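Before any comments, here is the structure.
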Amino acid sequence: MNEDLRNVVLGVLATGVSGSLGWLTRTYLWRRTLRRKQAFFGLRDGSECLLVVNRKAGSERAVHNVDVSALLELSALIKDCGARPEIVQHDEARQGLGDRAEFCVGGPYSNRRMAAHLSSLLPGLTMNVESDPFEDRGMITVGGEVYRCVNGTTEYVILARLTGGEGGRPVFLLCGQAAVSNQAASRYLARHHERLARKYGSGPFVLLLKVVNSDAYGPDVVELVADVTRAATTRAPATAPEPAGT
């Protein structure tokens, strides 16, 4: 074999080895990223998770079209993890926590299961379900602070990752004052899940998000107001009754 042919063969071999190493490195990094994502969402290849949907206001069975968009975004996240969503109406989801990962969408006024989750998992947080007075509809109270909705201008949403039950699988709550805020929470989760996983790992978190000027920007402009994990997961002390005659 002459010198020129040897150099050509060595060059081809070097290119093949370099390409193989690059492919193996990319595959390793992709698999590591996938495993972290699966761990954060509590999903595994081929597993099923629960996707609990709320109802549209004034309807018994219909889902708001904006909430449908939120469900589609969550479904894409679930499928990226190699899992399958089982979509269940809020009043038909009769099972405990921990056996399967769960995504629960909608406020307690339109989602019965969300109301149960708030009561049992977030005893320090309340969301008003009364229709009157109008300005208090959907009002969120946590940590001694009150957050009221101004439709189209300022809407708040709770995004939480919590665990319960024996299986240890998380439940994600997307509990908004309006349908657009539910979608904003799903979009925020899709965009920031890596940062959230780095910060909280497999632990719980409860974030209060604010959707800014949804009439103009839809669900895309979202601000993190506060991490309210401690306040939301700690039951507020009972207020002592006033003495008679005071």
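We name chains A, B, ... following the order of the structure tokens; residues begin at 1 in each chain, and ligands are numbered from 1 as shown.
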
Could you write out, as a PyMOL selection string, all the residues of range 79-208 of chain A that DSSP marks as strand (DSSP E)? chain A and resi 84-89+102-105+125-127+140-142+145-147+154-163+170-176+205-208

Write a file of the selected residues as a short mmCIF file (atom, residue, chain, number, x, y, z; two decimals), in the first residue's frame, keeping C-alpha atoms.
```cif
data_model
loop_
_atom_site.label_atom_id
_atom_site.label_comp_id
_atom_site.auth_asym_id
_atom_site.auth_seq_id
_atom_site.Cartn_x
_atom_site.Cartn_y
_atom_site.Cartn_z
CA ARG A 84 -49.68 7.71 27.33
CA PRO A 85 -52.31 10.06 28.77
CA GLU A 86 -55.66 8.76 29.91
CA ILE A 87 -58.08 11.68 29.66
CA VAL A 88 -60.76 11.61 32.35
CA GLN A 89 -63.57 14.03 33.18
CA GLU A 102 -51.52 13.08 37.21
CA PHE A 103 -52.12 16.43 35.54
CA CYS A 104 -55.22 18.20 36.83
CA VAL A 105 -56.46 21.27 34.93
CA LEU A 125 -54.48 28.09 49.96
CA THR A 126 -58.07 28.89 49.06
CA MET A 127 -59.76 29.84 45.82
CA ILE A 140 -56.82 33.25 45.48
CA THR A 141 -55.80 33.66 49.12
CA VAL A 142 -52.43 32.33 50.30
CA GLU A 145 -52.24 37.80 50.54
CA VAL A 146 -55.23 38.09 48.21
CA TYR A 147 -54.99 37.88 44.41
CA THR A 154 -54.37 40.23 35.16
CA GLU A 155 -55.17 36.58 35.79
CA TYR A 156 -53.44 34.36 38.33
CA VAL A 157 -52.79 30.64 38.23
CA ILE A 158 -51.31 28.11 40.64
CA LEU A 159 -48.78 25.68 39.15
CA ALA A 160 -47.88 22.95 41.62
CA ARG A 161 -46.04 19.64 41.75
CA LEU A 162 -47.08 17.57 44.76
CA THR A 163 -46.85 13.98 45.90
CA PRO A 170 -46.51 13.32 41.38
CA VAL A 171 -49.67 15.25 40.70
CA PHE A 172 -49.38 18.51 38.78
CA LEU A 173 -52.02 21.14 39.46
CA LEU A 174 -52.78 23.86 36.91
CA CYS A 175 -55.39 25.85 38.79
CA GLY A 176 -56.21 29.14 37.09
CA PHE A 205 -43.37 23.21 44.71
CA VAL A 206 -46.29 25.61 44.51
CA LEU A 207 -45.82 28.62 42.25
CA LEU A 208 -48.12 31.60 41.83
#
```

So, with only C-alpha atoms as the atoms that count, which of A:Glu166, A:Asp67, A:Asp45, A:Asp220 lies closest to Arg187 in chain A?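 Checking each of A:Glu166, A:Asp67, A:Asp45, A:Asp220 against Arg187 in chain A, counting only C-alpha atoms, the winner is A:Asp220.
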
Neighbouring residues of range 106-117 of chain A were defined as those with any atom within 9 Å, considering only C-alpha atoms; residues of the same chain fewer than 3 positions away were excluded. Please report them as a compact mmCIF listing (two decimals) with all heavy atoms, in the first residue's frame.
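Full text of result06.txt as output:
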```
# COMPACT_ATOMS: atom_id res chain seq x y z
N VAL A 52 -56.71 14.96 33.96
CA VAL A 52 -58.06 15.26 34.45
C VAL A 52 -58.50 16.60 33.87
O VAL A 52 -57.84 17.62 34.09
CB VAL A 52 -58.09 15.30 35.99
CG1 VAL A 52 -59.51 15.58 36.47
CG2 VAL A 52 -57.58 13.99 36.56
N VAL A 53 -59.63 16.58 33.17
CA VAL A 53 -60.10 17.80 32.51
C VAL A 53 -61.29 18.37 33.26
O VAL A 53 -62.07 17.65 33.88
CB VAL A 53 -60.49 17.51 31.04
CG1 VAL A 53 -59.32 16.93 30.29
CG2 VAL A 53 -61.68 16.57 30.94
N ASN A 54 -61.40 19.68 33.20
CA ASN A 54 -62.52 20.36 33.84
C ASN A 54 -63.66 20.53 32.85
O ASN A 54 -63.61 20.03 31.72
CB ASN A 54 -62.05 21.71 34.38
CG ASN A 54 -61.51 22.61 33.28
OD1 ASN A 54 -61.14 22.14 32.20
ND2 ASN A 54 -61.46 23.90 33.53
N ARG A 55 -64.66 21.26 33.25
CA ARG A 55 -65.79 21.54 32.36
C ARG A 55 -65.85 23.02 32.04
O ARG A 55 -65.36 23.85 32.80
CB ARG A 55 -67.11 21.11 33.00
CG ARG A 55 -67.42 21.84 34.30
CD ARG A 55 -68.80 21.52 34.82
NE ARG A 55 -69.03 22.12 36.12
CZ ARG A 55 -69.36 23.39 36.32
NH1 ARG A 55 -69.49 24.21 35.29
NH2 ARG A 55 -69.55 23.86 37.54
N LYS A 56 -66.45 23.33 30.93
CA LYS A 56 -66.67 24.73 30.57
C LYS A 56 -67.76 25.31 31.45
O LYS A 56 -68.74 24.63 31.76
CB LYS A 56 -67.08 24.82 29.10
CG LYS A 56 -67.27 26.23 28.56
CD LYS A 56 -67.61 26.20 27.08
CE LYS A 56 -67.82 27.59 26.53
NZ LYS A 56 -68.15 27.57 25.08
N ALA A 57 -67.57 26.56 31.86
CA ALA A 57 -68.57 27.20 32.71
C ALA A 57 -69.93 27.19 32.04
O ALA A 57 -70.07 27.50 30.86
CB ALA A 57 -68.16 28.64 33.01
N ASP A 67 -58.90 25.52 27.18
CA ASP A 67 -58.44 24.40 28.00
C ASP A 67 -58.06 23.20 27.13
O ASP A 67 -57.16 22.43 27.48
CB ASP A 67 -59.53 23.99 28.99
CG ASP A 67 -59.63 24.95 30.17
OD1 ASP A 67 -58.59 25.52 30.55
OD2 ASP A 67 -60.74 25.14 30.69
N GLN A 89 -62.81 12.91 32.68
CA GLN A 89 -63.57 14.03 33.18
C GLN A 89 -63.40 14.15 34.69
O GLN A 89 -63.26 13.15 35.40
CB GLN A 89 -65.05 13.84 32.84
CG GLN A 89 -65.40 14.15 31.40
CD GLN A 89 -65.62 15.63 31.15
OE1 GLN A 89 -65.71 16.42 32.08
NE2 GLN A 89 -65.70 16.01 29.89
N HIS A 90 -63.43 15.38 35.18
CA HIS A 90 -63.13 15.65 36.58
C HIS A 90 -64.03 14.87 37.54
O HIS A 90 -63.57 14.47 38.63
CB HIS A 90 -63.26 17.15 36.86
CG HIS A 90 -64.68 17.65 36.79
ND1 HIS A 90 -65.41 17.94 37.91
CD2 HIS A 90 -65.49 17.90 35.73
CE1 HIS A 90 -66.61 18.36 37.55
NE2 HIS A 90 -66.69 18.35 36.24
N ASP A 91 -65.27 14.64 37.16
CA ASP A 91 -66.20 13.96 38.07
C ASP A 91 -66.19 12.45 37.89
O ASP A 91 -66.97 11.74 38.53
CB ASP A 91 -67.61 14.51 37.89
CG ASP A 91 -68.09 14.45 36.44
OD1 ASP A 91 -67.25 14.19 35.55
OD2 ASP A 91 -69.29 14.68 36.21
N GLU A 92 -65.30 11.95 37.04
CA GLU A 92 -65.18 10.51 36.83
C GLU A 92 -63.83 9.97 37.30
O GLU A 92 -63.58 8.77 37.20
CB GLU A 92 -65.39 10.17 35.35
CG GLU A 92 -66.79 10.51 34.85
CD GLU A 92 -66.96 10.23 33.36
OE1 GLU A 92 -65.94 9.87 32.72
OE2 GLU A 92 -68.07 10.37 32.85
N ALA A 93 -62.98 10.84 37.79
CA ALA A 93 -61.64 10.44 38.24
C ALA A 93 -61.71 10.02 39.70
O ALA A 93 -61.49 10.83 40.60
CB ALA A 93 -60.65 11.58 38.04
N ARG A 94 -62.04 8.77 39.93
CA ARG A 94 -62.21 8.28 41.30
C ARG A 94 -61.09 7.29 41.60
O ARG A 94 -61.26 6.07 41.54
CB ARG A 94 -63.58 7.62 41.46
CG ARG A 94 -64.74 8.58 41.26
CD ARG A 94 -66.08 7.90 41.48
NE ARG A 94 -67.19 8.82 41.33
CZ ARG A 94 -67.80 9.04 40.16
NH1 ARG A 94 -67.40 8.39 39.07
NH2 ARG A 94 -68.80 9.90 40.09
N SER A 120 -57.01 18.81 50.36
CA SER A 120 -56.17 17.82 51.04
C SER A 120 -54.67 18.11 50.92
O SER A 120 -53.91 17.80 51.84
CB SER A 120 -56.46 16.42 50.49
OG SER A 120 -56.19 16.37 49.09
N LEU A 121 -54.24 18.70 49.80
CA LEU A 121 -52.82 18.89 49.56
C LEU A 121 -52.34 20.32 49.81
O LEU A 121 -51.16 20.52 50.12
CB LEU A 121 -52.47 18.50 48.12
CG LEU A 121 -52.78 17.05 47.73
CD1 LEU A 121 -52.47 16.83 46.24
CD2 LEU A 121 -51.98 16.07 48.58
N LEU A 122 -53.24 21.29 49.67
CA LEU A 122 -52.85 22.70 49.85
C LEU A 122 -53.80 23.36 50.86
O LEU A 122 -54.59 24.24 50.52
CB LEU A 122 -52.91 23.45 48.51
CG LEU A 122 -51.98 22.93 47.41
CD1 LEU A 122 -52.14 23.77 46.15
CD2 LEU A 122 -50.54 22.93 47.87
N MET A 127 -59.35 29.18 47.06
CA MET A 127 -59.76 29.84 45.82
C MET A 127 -61.29 29.99 45.89
O MET A 127 -62.00 29.00 46.05
CB MET A 127 -59.35 29.03 44.61
CG MET A 127 -59.49 29.76 43.29
SD MET A 127 -58.67 28.83 41.95
CE MET A 127 -58.83 30.01 40.61
N ASN A 128 -61.75 31.20 45.79
CA ASN A 128 -63.18 31.49 45.94
C ASN A 128 -63.98 30.88 44.78
O ASN A 128 -63.65 31.08 43.61
CB ASN A 128 -63.40 33.00 45.99
CG ASN A 128 -64.85 33.36 46.20
OD1 ASN A 128 -65.56 32.67 46.93
ND2 ASN A 128 -65.30 34.41 45.57
N VAL A 129 -65.03 30.15 45.13
CA VAL A 129 -65.86 29.52 44.10
C VAL A 129 -67.24 30.17 44.01
O VAL A 129 -68.09 29.71 43.24
CB VAL A 129 -66.02 28.01 44.38
CG1 VAL A 129 -64.68 27.31 44.30
CG2 VAL A 129 -66.66 27.76 45.75
N GLU A 130 -67.46 31.22 44.79
CA GLU A 130 -68.75 31.90 44.76
C GLU A 130 -68.79 32.89 43.59
O GLU A 130 -67.78 33.48 43.22
CB GLU A 130 -69.00 32.64 46.08
CG GLU A 130 -68.97 31.74 47.31
CD GLU A 130 -70.06 30.69 47.27
OE1 GLU A 130 -71.13 30.97 46.69
OE2 GLU A 130 -69.84 29.60 47.83
N GLY A 138 -63.10 33.67 41.81
CA GLY A 138 -61.81 33.04 41.58
C GLY A 138 -60.68 33.60 42.42
O GLY A 138 -59.51 33.27 42.19
N VAL A 157 -52.66 32.09 38.34
CA VAL A 157 -52.79 30.64 38.23
C VAL A 157 -51.78 30.00 39.17
O VAL A 157 -50.65 30.48 39.33
CB VAL A 157 -52.58 30.16 36.77
CG1 VAL A 157 -51.24 30.60 36.23
CG2 VAL A 157 -52.75 28.65 36.67
N LEU A 173 -50.81 20.35 39.44
CA LEU A 173 -52.02 21.14 39.46
C LEU A 173 -51.82 22.39 38.62
O LEU A 173 -50.83 23.12 38.80
CB LEU A 173 -52.38 21.54 40.90
CG LEU A 173 -52.49 20.42 41.93
CD1 LEU A 173 -52.92 20.99 43.27
CD2 LEU A 173 -53.45 19.33 41.46
N LEU A 174 -52.76 22.65 37.71
CA LEU A 174 -52.78 23.86 36.91
C LEU A 174 -54.12 24.52 37.20
O LEU A 174 -55.12 24.24 36.53
CB LEU A 174 -52.61 23.56 35.43
CG LEU A 174 -51.25 22.97 35.00
CD1 LEU A 174 -51.22 21.45 35.23
CD2 LEU A 174 -50.97 23.25 33.54
N CYS A 175 -54.14 25.35 38.22
CA CYS A 175 -55.39 25.85 38.79
C CYS A 175 -55.47 27.35 38.55
O CYS A 175 -54.91 28.15 39.31
CB CYS A 175 -55.41 25.52 40.28
SG CYS A 175 -56.87 26.11 41.15
N GLY A 176 -56.17 27.75 37.48
CA GLY A 176 -56.21 29.14 37.09
C GLY A 176 -57.55 29.81 37.32
O GLY A 176 -58.58 29.16 37.47
N GLN A 177 -57.51 31.14 37.33
CA GLN A 177 -58.73 31.93 37.48
C GLN A 177 -59.52 32.02 36.18
O GLN A 177 -60.68 32.43 36.20
CB GLN A 177 -58.37 33.33 37.98
CG GLN A 177 -57.78 33.35 39.37
CD GLN A 177 -57.33 34.73 39.79
OE1 GLN A 177 -56.87 35.52 38.96
NE2 GLN A 177 -57.45 35.05 41.07
N ALA A 178 -58.90 31.66 35.07
CA ALA A 178 -59.55 31.69 33.76
C ALA A 178 -58.90 30.64 32.88
O ALA A 178 -57.79 30.17 33.17
CB ALA A 178 -59.44 33.07 33.12
N ALA A 179 -59.59 30.26 31.80
CA ALA A 179 -59.06 29.22 30.92
C ALA A 179 -57.69 29.62 30.35
O ALA A 179 -56.79 28.79 30.23
CB ALA A 179 -60.05 28.95 29.78
N ASN A 182 -54.94 28.73 32.68
CA ASN A 182 -54.61 27.30 32.67
C ASN A 182 -53.64 26.98 31.54
O ASN A 182 -52.66 26.25 31.72
CB ASN A 182 -55.88 26.47 32.51
CG ASN A 182 -56.84 26.62 33.66
OD1 ASN A 182 -56.44 26.87 34.80
ND2 ASN A 182 -58.13 26.47 33.38
```

With distances taken over only C-alpha atoms, which residue among A:Gly42, A:Asp227, A:Gln183, A:Asp80 lies nearest Lys199 in chain A?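 Closest to Lys199 in chain A of all the choices is A:Asp227.
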
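For the pair CA of Val225 in chain A and CA of Val211 in chain A, the separation is 9.9 Å.
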
Which one is closest to Leu74 in chain A: A:Tyr188, A:Phe134, A:Phe40, A:Tyr200? Count only C-alpha atoms.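 Among the listed residues, A:Tyr188 lies closest to Leu74 in chain A.
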
Measure the distance from CA of Cys149 in chain A to CA of Val212 in chain A in Å and round it to one decimal.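 Value for the CA of Cys149 in chain A-CA of Val212 in chain A distance: 11.0 Å.
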
Based on the backbone DSSP call, show me all residues of range 118-191 of chain A assigned alpha helix (DSSP H), as number ranges by chain. A: 118-121, 179-191

Expected file: the selected residues, N, CA, C and O atoms, as a CSV table (one decimal), in the first residue's frame:
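The resulting result_34.csv:
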```csv
chain,number,residue,atom,x,y,z
A,118,LEU,N,-57.0,20.7,46.4
A,118,LEU,CA,-56.7,21.9,47.1
A,118,LEU,C,-57.0,21.7,48.6
A,118,LEU,O,-56.2,22.1,49.5
A,119,SER,N,-58.1,21.0,48.9
A,119,SER,CA,-58.4,20.8,50.3
A,119,SER,C,-57.5,19.9,51.0
A,119,SER,O,-57.1,20.1,52.2
A,120,SER,N,-57.0,18.8,50.4
A,120,SER,CA,-56.2,17.8,51.0
A,120,SER,C,-54.7,18.1,50.9
A,120,SER,O,-53.9,17.8,51.8
A,121,LEU,N,-54.2,18.7,49.8
A,121,LEU,CA,-52.8,18.9,49.6
A,121,LEU,C,-52.3,20.3,49.8
A,121,LEU,O,-51.2,20.5,50.1
A,179,ALA,N,-59.6,30.3,31.8
A,179,ALA,CA,-59.1,29.2,30.9
A,179,ALA,C,-57.7,29.6,30.4
A,179,ALA,O,-56.8,28.8,30.2
A,180,VAL,N,-57.5,30.9,30.0
A,180,VAL,CA,-56.2,31.3,29.4
A,180,VAL,C,-55.1,31.2,30.4
A,180,VAL,O,-54.0,30.9,30.1
A,181,SER,N,-55.4,31.3,31.7
A,181,SER,CA,-54.3,31.1,32.7
A,181,SER,C,-54.0,29.6,32.9
A,181,SER,O,-52.8,29.3,33.2
A,182,ASN,N,-54.9,28.7,32.7
A,182,ASN,CA,-54.6,27.3,32.7
A,182,ASN,C,-53.6,27.0,31.5
A,182,ASN,O,-52.7,26.2,31.7
A,183,GLN,N,-53.9,27.5,30.4
A,183,GLN,CA,-53.0,27.3,29.2
A,183,GLN,C,-51.7,28.0,29.5
A,183,GLN,O,-50.6,27.4,29.1
A,184,ALA,N,-51.6,29.1,30.1
A,184,ALA,CA,-50.4,29.8,30.4
A,184,ALA,C,-49.5,28.9,31.3
A,184,ALA,O,-48.3,28.8,31.2
A,185,ALA,N,-50.2,28.3,32.3
A,185,ALA,CA,-49.4,27.4,33.2
A,185,ALA,C,-48.9,26.2,32.5
A,185,ALA,O,-47.7,25.7,32.7
A,186,SER,N,-49.6,25.6,31.6
A,186,SER,CA,-49.2,24.4,30.8
A,186,SER,C,-48.0,24.8,29.9
A,186,SER,O,-47.0,24.1,29.8
A,187,ARG,N,-48.0,26.0,29.3
A,187,ARG,CA,-46.9,26.5,28.5
A,187,ARG,C,-45.7,26.8,29.3
A,187,ARG,O,-44.6,26.6,28.9
A,188,TYR,N,-45.9,27.4,30.5
A,188,TYR,CA,-44.8,27.7,31.4
A,188,TYR,C,-44.1,26.4,31.8
A,188,TYR,O,-42.9,26.3,31.9
A,189,LEU,N,-44.9,25.4,32.1
A,189,LEU,CA,-44.4,24.1,32.5
A,189,LEU,C,-43.6,23.5,31.4
A,189,LEU,O,-42.5,22.9,31.6
A,190,ALA,N,-44.1,23.6,30.2
A,190,ALA,CA,-43.3,23.0,29.0
A,190,ALA,C,-42.0,23.7,28.8
A,190,ALA,O,-41.0,23.1,28.4
A,191,ARG,N,-42.0,25.1,29.0
A,191,ARG,CA,-40.8,25.8,28.7
A,191,ARG,C,-39.8,25.8,29.8
A,191,ARG,O,-38.6,25.8,29.5
```

Rounded to one decimal in Å, what is the spacing between CA of Leu77 in chain A and CA of Lys37 in chain A? 9.4 Å

Using only C-alpha atoms, determine which residues lie at most 12 Å from Arg36 in chain A, disregarding the query and same-chain residues fewer than 6 positions distant; provide the list as a list in words.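 The residues that qualify are Leu29, Trp30, Gly42, Leu43, Arg44, Cys81, His193, Glu194, Arg195, Leu196, Ala197, Arg198, Gly201 and Ser202 of chain A.
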
Those same residues - all heavy atoms - I'd like them written as an mmCIF file, in the first residue's frame.
```cif
data_model
loop_
_atom_site.group_PDB
_atom_site.id
_atom_site.type_symbol
_atom_site.label_atom_id
_atom_site.label_comp_id
_atom_site.auth_asym_id
_atom_site.auth_seq_id
_atom_site.Cartn_x
_atom_site.Cartn_y
_atom_site.Cartn_z
ATOM 1 N N LEU A 29 -26.357 11.982 25.762
ATOM 2 C CA LEU A 29 -26.896 13.221 26.308
ATOM 3 C C LEU A 29 -28.415 13.275 26.147
ATOM 4 O O LEU A 29 -29.135 13.731 27.050
ATOM 5 C CB LEU A 29 -26.251 14.425 25.612
ATOM 6 C CG LEU A 29 -24.759 14.626 25.899
ATOM 7 C CD1 LEU A 29 -24.217 15.771 25.054
ATOM 8 C CD2 LEU A 29 -24.516 14.902 27.381
ATOM 9 N N TRP A 30 -28.913 12.803 24.987
ATOM 10 C CA TRP A 30 -30.362 12.785 24.766
ATOM 11 C C TRP A 30 -31.051 11.865 25.762
ATOM 12 O O TRP A 30 -32.088 12.225 26.335
ATOM 13 C CB TRP A 30 -30.661 12.329 23.334
ATOM 14 C CG TRP A 30 -32.124 12.151 23.067
ATOM 15 C CD1 TRP A 30 -33.043 13.116 22.793
ATOM 16 C CD2 TRP A 30 -32.846 10.902 23.075
ATOM 17 N NE1 TRP A 30 -34.292 12.557 22.625
ATOM 18 C CE2 TRP A 30 -34.205 11.223 22.784
ATOM 19 C CE3 TRP A 30 -32.473 9.583 23.279
ATOM 20 C CZ2 TRP A 30 -35.176 10.229 22.711
ATOM 21 C CZ3 TRP A 30 -33.448 8.596 23.213
ATOM 22 C CH2 TRP A 30 -34.776 8.925 22.929
ATOM 23 N N GLY A 42 -42.579 12.045 36.618
ATOM 24 C CA GLY A 42 -43.057 10.781 37.168
ATOM 25 C C GLY A 42 -43.544 9.816 36.111
ATOM 26 O O GLY A 42 -44.465 9.024 36.362
ATOM 27 N N LEU A 43 -42.933 9.865 34.931
ATOM 28 C CA LEU A 43 -43.364 9.044 33.803
ATOM 29 C C LEU A 43 -42.246 8.099 33.390
ATOM 30 O O LEU A 43 -41.065 8.400 33.524
ATOM 31 C CB LEU A 43 -43.756 9.944 32.625
ATOM 32 C CG LEU A 43 -44.878 10.950 32.896
ATOM 33 C CD1 LEU A 43 -45.001 11.922 31.742
ATOM 34 C CD2 LEU A 43 -46.202 10.230 33.124
ATOM 35 N N ARG A 44 -42.648 6.959 32.839
ATOM 36 C CA ARG A 44 -41.700 5.979 32.322
ATOM 37 C C ARG A 44 -42.126 5.549 30.929
ATOM 38 O O ARG A 44 -43.271 5.767 30.530
ATOM 39 C CB ARG A 44 -41.639 4.756 33.242
ATOM 40 C CG ARG A 44 -41.105 5.034 34.622
ATOM 41 C CD ARG A 44 -41.266 3.841 35.528
ATOM 42 N NE ARG A 44 -42.675 3.547 35.787
ATOM 43 C CZ ARG A 44 -43.108 2.624 36.624
ATOM 44 N NH1 ARG A 44 -42.247 1.882 37.289
ATOM 45 N NH2 ARG A 44 -44.393 2.419 36.806
ATOM 46 N N CYS A 81 -42.190 11.903 26.817
ATOM 47 C CA CYS A 81 -41.607 11.045 27.836
ATOM 48 C C CYS A 81 -41.860 9.562 27.561
ATOM 49 O O CYS A 81 -41.490 8.709 28.381
ATOM 50 C CB CYS A 81 -42.165 11.403 29.210
ATOM 51 S SG CYS A 81 -41.667 13.037 29.808
ATOM 52 N N HIS A 193 -39.558 23.324 32.506
ATOM 53 C CA HIS A 193 -39.487 22.121 33.341
ATOM 54 C C HIS A 193 -38.051 21.751 33.692
ATOM 55 O O HIS A 193 -37.784 21.235 34.788
ATOM 56 C CB HIS A 193 -40.214 20.947 32.673
ATOM 57 C CG HIS A 193 -39.600 20.487 31.400
ATOM 58 N ND1 HIS A 193 -38.541 19.608 31.350
ATOM 59 C CD2 HIS A 193 -39.895 20.778 30.105
ATOM 60 C CE1 HIS A 193 -38.207 19.376 30.093
ATOM 61 N NE2 HIS A 193 -39.010 20.074 29.320
ATOM 62 N N GLU A 194 -37.087 22.024 32.805
ATOM 63 C CA GLU A 194 -35.698 21.695 33.119
ATOM 64 C C GLU A 194 -35.190 22.553 34.275
ATOM 65 O O GLU A 194 -34.520 22.052 35.197
ATOM 66 C CB GLU A 194 -34.822 21.874 31.882
ATOM 67 C CG GLU A 194 -35.094 20.863 30.784
ATOM 68 C CD GLU A 194 -34.166 21.041 29.600
ATOM 69 O OE1 GLU A 194 -33.295 21.948 29.646
ATOM 70 O OE2 GLU A 194 -34.287 20.278 28.626
ATOM 71 N N ARG A 195 -35.499 23.844 34.247
ATOM 72 C CA ARG A 195 -35.077 24.729 35.330
ATOM 73 C C ARG A 195 -35.778 24.355 36.640
ATOM 74 O O ARG A 195 -35.159 24.355 37.710
ATOM 75 C CB ARG A 195 -35.391 26.179 34.961
ATOM 76 C CG ARG A 195 -34.986 27.190 36.044
ATOM 77 C CD ARG A 195 -35.230 28.615 35.587
ATOM 78 N NE ARG A 195 -36.638 28.860 35.321
ATOM 79 C CZ ARG A 195 -37.531 29.146 36.265
ATOM 80 N NH1 ARG A 195 -37.158 29.186 37.554
ATOM 81 N NH2 ARG A 195 -38.786 29.387 35.955
ATOM 82 N N LEU A 196 -37.049 24.014 36.549
ATOM 83 C CA LEU A 196 -37.785 23.610 37.743
ATOM 84 C C LEU A 196 -37.213 22.316 38.324
ATOM 85 O O LEU A 196 -37.113 22.167 39.547
ATOM 86 C CB LEU A 196 -39.267 23.434 37.415
ATOM 87 C CG LEU A 196 -40.025 24.703 37.021
ATOM 88 C CD1 LEU A 196 -41.438 24.352 36.551
ATOM 89 C CD2 LEU A 196 -40.083 25.686 38.183
ATOM 90 N N ALA A 197 -36.830 21.390 37.456
ATOM 91 C CA ALA A 197 -36.247 20.128 37.918
ATOM 92 C C ALA A 197 -34.902 20.368 38.601
ATOM 93 O O ALA A 197 -34.585 19.732 39.610
ATOM 94 C CB ALA A 197 -36.087 19.161 36.746
ATOM 95 N N ARG A 198 -34.111 21.283 38.053
ATOM 96 C CA ARG A 198 -32.822 21.586 38.684
ATOM 97 C C ARG A 198 -33.014 22.215 40.060
ATOM 98 O O ARG A 198 -32.256 21.944 40.993
ATOM 99 C CB ARG A 198 -31.997 22.523 37.792
ATOM 100 C CG ARG A 198 -31.399 21.866 36.566
ATOM 101 C CD ARG A 198 -30.341 22.739 35.925
ATOM 102 N NE ARG A 198 -30.887 24.018 35.477
ATOM 103 C CZ ARG A 198 -31.381 24.234 34.254
ATOM 104 N NH1 ARG A 198 -31.397 23.238 33.380
ATOM 105 N NH2 ARG A 198 -31.844 25.423 33.912
ATOM 106 N N GLY A 201 -35.805 19.407 42.070
ATOM 107 C CA GLY A 201 -35.593 17.975 41.998
ATOM 108 C C GLY A 201 -36.911 17.230 41.979
ATOM 109 O O GLY A 201 -37.823 17.572 41.219
ATOM 110 N N SER A 202 -37.038 16.226 42.825
ATOM 111 C CA SER A 202 -38.282 15.457 42.909
ATOM 112 C C SER A 202 -39.185 15.957 44.028
ATOM 113 O O SER A 202 -40.169 15.300 44.376
ATOM 114 C CB SER A 202 -37.975 13.974 43.133
ATOM 115 O OG SER A 202 -37.212 13.805 44.333
#
```

Just checking: using only C-alpha atoms, which residue out of A:Gln38, A:Thr233, A:Leu72, A:Asp215 ends up closest to Thr153 in chain A? A:Asp215
